[in-house]
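The structure under discussion appears below in the form of structure tokens.
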Amino acid sequence: MATNGSIHSLCQCQRTSHARHICSRDYKSISDFKIGISWCCSEVGHEIVECFVFALCSFSFRDGIEDPLDDMALVGQQLDQMQTIGRCQYEKTVTLIVSYFDSTARSYQESMQQGSPDVRLQEGQLTWLVYFIGSVIGGRVSFTNGDDEDSLDGELVYRVLQLMSLTDSRLPQGGGCERLELAMMSFFEHFRKIYIGDQITKSKVYKILAERLGINDESVLLTIYIRKIILNMKFWGRSETVINKTLQLFSDLSVGYSSARKLVKLESVQLLLNNHTVCRQLRLGVLPTFR
């Protein structure tokens with residue numbers, strides 16, 4: 001694969017001379033890359049994103065083929081680069097992601113029901129898409145966004161949470177995908193930084209989540225975070241990487257006075273703090289019950 005953060009190897013479907021120019025260069029730093037593409041974002045930014053997403057979703061995640069997810073350092077560089085470009089013409093970016101995500105998630109569910117070997121292929125594609133969604137949501141800090149873009153973020157968040165519900169349902173049968181789980185943790189961390197915390201005001205992202213999933217405020221979403229953390233502690237004990245990422249997420253959630261106050265008020269957190277038997281149950285593989 002390319003070095004110095006170049007995304008050339010993932011953009012083999014370039015359609016314009018601008019896209020070819022951007023994707024073929026090697027950049028010494030992320031800041032240099034951002035300067036290099038800022039002048040053309042408004043013109044061809046969406047085409048670059050389309051090339052990137054198309055390449056990722058066309059990749060064959062099968063045995064015997066080199067998996068780009070093996071090099072997470074390079075993956076991180078590529079996502080950092082695409083984070084800025086993805087927020088240009090953001091409505092088009094979201095429409096593109098939603099199209100690929102919905103199609104892949106539907107095929108993934110069908111493959112699981114049929115016991116198809118294509119499950120691994122679709123898990124790889126969804127892993128990339130979840131990483132990309134987390135990245136572009138994290139890119140919100142670089143832009144002055146209005147309510148419309150928060151609503152677009154909500155459309156993406158809704159889909160990741162739906163996918164998480166599906167993948168979590170497979171955990172009791174040992175059907176989890178470690179890489180997809182790590183992508184979920186990355187997504188949750190990006191979302192936490194943008195939409196959970198002391199300085200976060202009411203956002204339209206919660207309006208979308210309320211309409212689709214009944215998640216009408218930060219406290220309800222924090223409950224989902226804690227449920228996910230407990231599920232991971234129960235079912236992912238075999239993966240040190242997943243457990244470490246999960247514990248780091250829990251630690252990061254407690255940063256900030258407002259977030260910490262909301263956390264300790266949650267029934268699930270009170271259960272963990274006040275009942276030592278729960279921790280023992282988790283070690284034994286028994287999932288505590290809470291609303």
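By convention here, the chains of the structure tokens are called A, B, ... in the order presented, each chain's residues are numbered starting at 1, and ligands are numbered starting at 1 in the order presented.
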**Request:** Find the residues around Tyr206 in chain A up to 8 Å (only C-alpha atoms counted), leave out those fewer than 2 positions away in its own chain, and share them as number ranges by chain.
**Result:** A: 154, 202-204, 208-210, 215-218
Take the residues that were just selected and, keeping N, CA and C atoms, output them as a compact mmCIF listing (two decimals), in the first residue's frame.
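New file selection-v4.txt:
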```txt
# COMPACT_ATOMS: atom_id res chain seq x y z
N GLY A 154 -27.13 12.68 12.45
CA GLY A 154 -28.12 11.80 13.07
C GLY A 154 -28.49 10.62 12.19
N LYS A 202 -28.13 21.38 23.07
CA LYS A 202 -29.12 20.50 22.43
C LYS A 202 -28.91 20.50 20.92
N SER A 203 -28.81 19.33 20.36
CA SER A 203 -28.49 19.21 18.94
C SER A 203 -29.61 18.48 18.21
N LYS A 204 -29.74 18.80 16.93
CA LYS A 204 -30.74 18.12 16.11
C LYS A 204 -30.40 16.65 15.86
N ILE A 208 -33.33 13.34 15.37
CA ILE A 208 -33.37 12.19 14.47
C ILE A 208 -33.40 10.90 15.29
N LEU A 209 -32.54 10.82 16.30
CA LEU A 209 -32.48 9.60 17.11
C LEU A 209 -33.76 9.38 17.90
N ALA A 210 -34.41 10.47 18.30
CA ALA A 210 -35.68 10.35 19.02
C ALA A 210 -36.76 9.81 18.09
N ILE A 215 -34.36 7.80 21.33
CA ILE A 215 -33.24 8.37 22.09
C ILE A 215 -33.37 9.89 22.02
N ASN A 216 -33.97 10.48 23.04
CA ASN A 216 -34.30 11.90 22.93
C ASN A 216 -33.33 12.84 23.64
N ASP A 217 -32.35 12.29 24.35
CA ASP A 217 -31.37 13.18 24.97
C ASP A 217 -30.09 12.41 25.30
N GLU A 218 -29.13 13.16 25.82
CA GLU A 218 -27.81 12.60 26.10
C GLU A 218 -27.85 11.49 27.15
```
**Asked** Nearest to Gly86 in chain A: which of A:Cys51, A:Val136, A:Ala105, A:Met72 is it, counting only C-alpha atoms?
**Response** A:Val136
**Message:** Among range 58-224 of chain A, which residues does DSSP mark as helix (DSSP H, G or I) when it is run on the backbone? Keep the chain and numbering as in the structure and answer as a PyMOL selection string.
**Reply:** chain A and resi 58+68-70+72-87+90-114+118-142+147-173+178-195+205-213+218-224
**Request:** Please provide as a PyMOL selection string all residues within 12 Å of range 164-176 of chain A, with the sequence filter that same-chain residues fewer than 2 positions apart are discarded (counting only C-alpha atoms).
**Result:** chain A and resi 105-106+108-110+112-113+115+119-120+123+126-127+130+157-162+178-185+187-188+213+224-225+227-239+242+285-287
**Request:** Find the residue from A:Gly124, A:Gly138, A:Gly214, A:Gly256 that sits nearest to Ser58 in chain A; use only C-alpha atoms when measuring.
**Result:**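 Selected residue with least distance to Ser58 in chain A: A:Gly124.
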**Message:** Applying 7 Å and only C-alpha atoms, which residues near Gly139 in chain A remain after dropping the ones on its own chain fewer than 3 positions away? List them as a ChimeraX atom specification.
**Reply:** /A:83-84,87,135-136,142
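All residues of protein, DNA or RNA that reach within 10 Å of Ile196 in chain A, judged by only C-alpha atoms and not counting those fewer than 3 positions away in the chain, are A:Glu189, A:His190, A:Phe191, A:Arg192, A:Lys193, A:Gln199, A:Ile200, A:Thr201, A:Asp217, A:Glu218, A:Ser219, A:Leu221, A:Leu222, A:Leu253, A:Gly256, A:Ser258, A:Ser259.
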